[in-house]
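Student: Below you will find the structure I want to go over with you.
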Amino acid sequence: MASRELEAVVAAIREEERQRGGSRLGSVRPEVDDLIARKAAMNANFVPIPEGIAHHEGTVGTIPGIWFEPEQADRSRVILYCHGGGFMFGSPINTGHVTARLARAAGCVAFSLDYRLSHEAPFPAPVEDALAAYRGLLEQGFAPTSIAIAGDSAGAGLAVLLMVAARDAGLALPAGCLSSSPWTDLEMTGASIQECADTDVHCHLPGLQMMADAYLAGADPRDPRASLLHADLSGLPPILIQTGGAEVLRDDAVRLAERARESGVDVTLDVIEGAVHIWQYIAPDCPETWASEAKAGAFLKATMDRSTG
């Protein structure tokens with residue numbers, strides 16, 4: 001069961017939907033101008049960054065983004081963060097509270113890249129941008145063993161796709177990866193999409209289909225650079241996959257864990273009972289978030305400790 005705190009947040013979101021007439025974000029395909037306006041509105045209403053964590057804009061390689069620097073962080077270690085939003089919405093500042101708290105939990109700095117969204121450049125632009133940002137960190141002098149990758153939702157799939165792209169490019173791989181509520185199947189074939197349609201509040205099939213269509217722009221949804229479920233995962237570093245037990249994309253995470261395990265990857269699947277899609281984002285002050293954040297931070301720190309030890 002979900003905690004009372006998370007249940008209260010979910011109930012508030014449902015009430016907001018009811019007052020809007022029951023329409024969830026993404027239920028109708030918007031025009032490009034509307035997409036830009038929605039992104040600006042989301043960025044203007046972001047959850048404040050916690051005290052004690054500085055943040056500023058920067059560029060890694062050719063990719064813009066935001067640096068997050070907790071007090072007493074080990075600045076020789078970095079998390080490269082890929083924000084969510086279905087490749088259509090979101091930004092580094094919109095999910096900044098999640099990135100900042102993860103950096104604090106891991107005891108290092110973080111860089112959240114501002115990759116191109118579907119109205120700016122469709123598939124595979126985010127994969128290209130993420131790989132460019134990873135190259136940029138290496139060029140800045142970060143050891144690959146001192147780099148961890150992380151992301152949420154679409155960014156959680158992108159985080160693992162980045163490692164696949166780095167491996168295929170012959171680059172040294174990072175220490176490990178956190179994939180939180182990953183979107184790994186752009187065909188949306190997971191059983192949980194229907195099973196959790198009434199329990200999730202932040203994700204649903206019409207919106208997923210709209211975002212997939214906009215991102216793919218006619219490309220094959222089974223392309224392994226688009227749908228992580230079809231990618232070759234062999235040789236990747238340890239991965240922690242976190243997903244909500246009540247979220248639509250739960251089976252995307254479960255199947256990713258199965259594929260990774262079959263490929264010989266050291267993978268941990270953490271299913272948070274009662275949690276909905278990207279619970280850390282919508283409910284930063286609930287027990288489910290505190291627990292998963294602590295586990296994720298400890299995992300990323302441990303992967304870097306092992307890699308550099």
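By order of appearance in the structure tokens: chains A, B, ..., then residues from 1 within every chain, and ligands from 1 in the order shown.
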Using only C-alpha atoms, what does the table of stretch 216-294 of chain A residues within 9 Å of stretch 203-206 of chain A look like, with each row giving the shortest atom pair and its distance in Å to one decimal, sorted by chain and ascending number, as a tab-separated table?

Tutor:
residue	atom	partner	partner_atom	distance
A:Glu247	CA	A:Cys203	CA	7.7
A:Val248	CA	A:Cys203	CA	6.4
A:Leu249	CA	A:Cys203	CA	8.0
A:Val276	CA	A:Cys203	CA	8.6
A:His277	CA	A:Cys203	CA	6.5

Student: Suppose we keep C-alpha atoms; can you now write the selection as an mmCIF file, in the first residue's frame?

Tutor:
data_model
loop_
_atom_site.group_PDB
_atom_site.id
_atom_site.type_symbol
_atom_site.label_atom_id
_atom_site.label_comp_id
_atom_site.auth_asym_id
_atom_site.auth_seq_id
_atom_site.Cartn_x
_atom_site.Cartn_y
_atom_site.Cartn_z
ATOM 1 C CA GLU A 247 2.475 2.597 -12.316
ATOM 2 C CA VAL A 248 1.596 2.093 -15.954
ATOM 3 C CA LEU A 249 5.237 1.547 -16.959
ATOM 4 C CA VAL A 276 2.858 5.619 -9.185
ATOM 5 C CA HIS A 277 4.939 6.842 -12.118
#

Student: DSSP on the backbone: which residues in stretch 32-240 of chain A end up as strand (DSSP E)? Give the answer as a VMD selection string.

Tutor: chain A and resid 53 to 60 63 to 70 74 to 82 108 to 113 147 to 152 176 to 180 239 to 240

Student: Atom CA of A:Ser153 to atom CA of A:Arg255: how many Å, to one decimal?

Tutor: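 Going from atom CA of A:Ser153 over to atom CA of A:Arg255, I get 14.7 Å.
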
Student: I'd like the contact shell of A:Leu229 - 8 Å cut-off, only C-alpha atoms, skipping same-chain residues fewer than 4 positions apart - returned as a PyMOL selection string.

Tutor: chain A and resi 184-185+224+252+255-256+259

Student: Hey, could you make a per-residue contact list for stretch 242-306 of chain A against stretch 43-62 of chain A with 12 Å as the cut-off, showing the nearest pair of atoms and its distance in Å to one decimal, counting only C-alpha atoms, sorted by chain and number, as a Markdown table?

Tutor:
| residue | atom | partner | partner_atom | distance |
| --- | --- | --- | --- | --- |
| A:Gln280 | CA | A:Val47 | CA | 11.4 |
| A:Tyr281 | CA | A:Val47 | CA | 8.7 |
| A:Ile282 | CA | A:Val47 | CA | 9.3 |
| A:Ala283 | CA | A:Val47 | CA | 10.2 |
| A:Pro284 | CA | A:Val47 | CA | 8.9 |
| A:Asp285 | CA | A:Val47 | CA | 11.2 |

Student: Store the residues picked out above, limited to C-alpha atoms, as a PDB file, in the first residue's frame.

Tutor:
ATOM      1  CA  GLN A 280       9.892  11.081  -6.532  1.00  0.00           C
ATOM      2  CA  TYR A 281       8.952  13.971  -8.814  1.00  0.00           C
ATOM      3  CA  ILE A 282       5.309  14.414  -7.804  1.00  0.00           C
ATOM      4  CA  ALA A 283       5.744  13.583  -4.108  1.00  0.00           C
ATOM      5  CA  PRO A 284       9.246  14.586  -2.979  1.00  0.00           C
ATOM      6  CA  ASP A 285       8.342  14.511   0.708  1.00  0.00           C
TER       7      ASP A 285
END

Student: What are the DSSP helix (DSSP H, G or I) residues of stretch 202-309 of chain A, as a ChimeraX atom specification?

Tutor: /A:205-216,228-230,250-262,279-282,287-308

Student: For A:Val271, which residue among A:Ala105, A:Leu300, A:Leu240, A:Ala231 is the nearest when counting only C-alpha atoms?

Tutor: A:Leu240

Student: Of the residues A:Pro237, A:Pro182, A:Pro144, A:Pro124, which is the one nearest to A:Leu80, using only C-alpha atoms?

Tutor: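 Smallest distance to A:Leu80 is found for A:Pro144.
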
Student: Rounded to one decimal in Å, what is the spacing between atom CA of A:Ala257 and atom CA of A:Ile241?

Tutor: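 We find that atom CA of A:Ala257 and atom CA of A:Ile241 lie 7.1 Å from each other.
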
Student: Taking a cut-off of 10 Å and counting only C-alpha atoms, can you build a table that, for each residue of stretch 124-221 of chain A near stretch 108-116 of chain A, reports the nearest atom pair and how far apart they are in Å (one decimal), sorted by chain then residue number, as JSON lines?

Tutor:
{"residue": "A:Pro124", "atom": "CA", "partner": "A:Arg116", "partner_atom": "CA", "distance": 9.7}
{"residue": "A:Ala125", "atom": "CA", "partner": "A:Arg116", "partner_atom": "CA", "distance": 6.3}
{"residue": "A:Pro126", "atom": "CA", "partner": "A:Tyr115", "partner_atom": "CA", "distance": 5.4}
{"residue": "A:Val127", "atom": "CA", "partner": "A:Tyr115", "partner_atom": "CA", "distance": 8.5}
{"residue": "A:Glu128", "atom": "CA", "partner": "A:Tyr115", "partner_atom": "CA", "distance": 8.7}
{"residue": "A:Asp129", "atom": "CA", "partner": "A:Tyr115", "partner_atom": "CA", "distance": 5.6}
{"residue": "A:Ala130", "atom": "CA", "partner": "A:Tyr115", "partner_atom": "CA", "distance": 6.9}
{"residue": "A:Ala132", "atom": "CA", "partner": "A:Tyr115", "partner_atom": "CA", "distance": 9.9}
{"residue": "A:Ala133", "atom": "CA", "partner": "A:Leu113", "partner_atom": "CA", "distance": 7.2}
{"residue": "A:Tyr134", "atom": "CA", "partner": "A:Leu113", "partner_atom": "CA", "distance": 9.7}
{"residue": "A:Leu137", "atom": "CA", "partner": "A:Phe111", "partner_atom": "CA", "distance": 9.4}
{"residue": "A:Ser146", "atom": "CA", "partner": "A:Cys108", "partner_atom": "CA", "distance": 9.5}
{"residue": "A:Ile147", "atom": "CA", "partner": "A:Ala110", "partner_atom": "CA", "distance": 9.4}
{"residue": "A:Ala148", "atom": "CA", "partner": "A:Ala110", "partner_atom": "CA", "distance": 9.1}
{"residue": "A:Ile149", "atom": "CA", "partner": "A:Ala110", "partner_atom": "CA", "distance": 9.5}
{"residue": "A:Ala150", "atom": "CA", "partner": "A:Ser112", "partner_atom": "CA", "distance": 9.2}
{"residue": "A:Gly151", "atom": "CA", "partner": "A:Ser112", "partner_atom": "CA", "distance": 9.0}
{"residue": "A:Gly155", "atom": "CA", "partner": "A:Tyr115", "partner_atom": "CA", "distance": 9.9}

Student: To one decimal place, how far is atom CA of A:Met304 from atom CA of A:Thr99 in Å?

Tutor: 17.3 Å

Student: From the options A:Pro64, A:Gly170, A:Gly297, A:Gly157, which residue's atoms come nearest to A:Val78, counting only C-alpha atoms?

Tutor: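 Going through A:Pro64, A:Gly170, A:Gly297, A:Gly157 one by one, the smallest distance to A:Val78 is for A:Gly297.
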
Student: Which residues are near A:Gly84? Cut-off 8 Å, only C-alpha atoms, ignore same chain within fewer than 3 positions. Put them as a list of chain:residue names.

Tutor: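 Non-adjacent residues within range: A:Phe87, A:Phe89, A:Gly90, A:Ser91, A:Thr95, A:Gly151, A:Asp152, A:Ser153, A:Ala154, A:Gly155, A:Ala156.
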
Student: Just checking: using only C-alpha atoms, which residue out of A:Ala275, A:Met88, A:Val98, A:Ala291 ends up closest to A:Gly207?

Tutor: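 Closest to A:Gly207 of all the choices is A:Met88.
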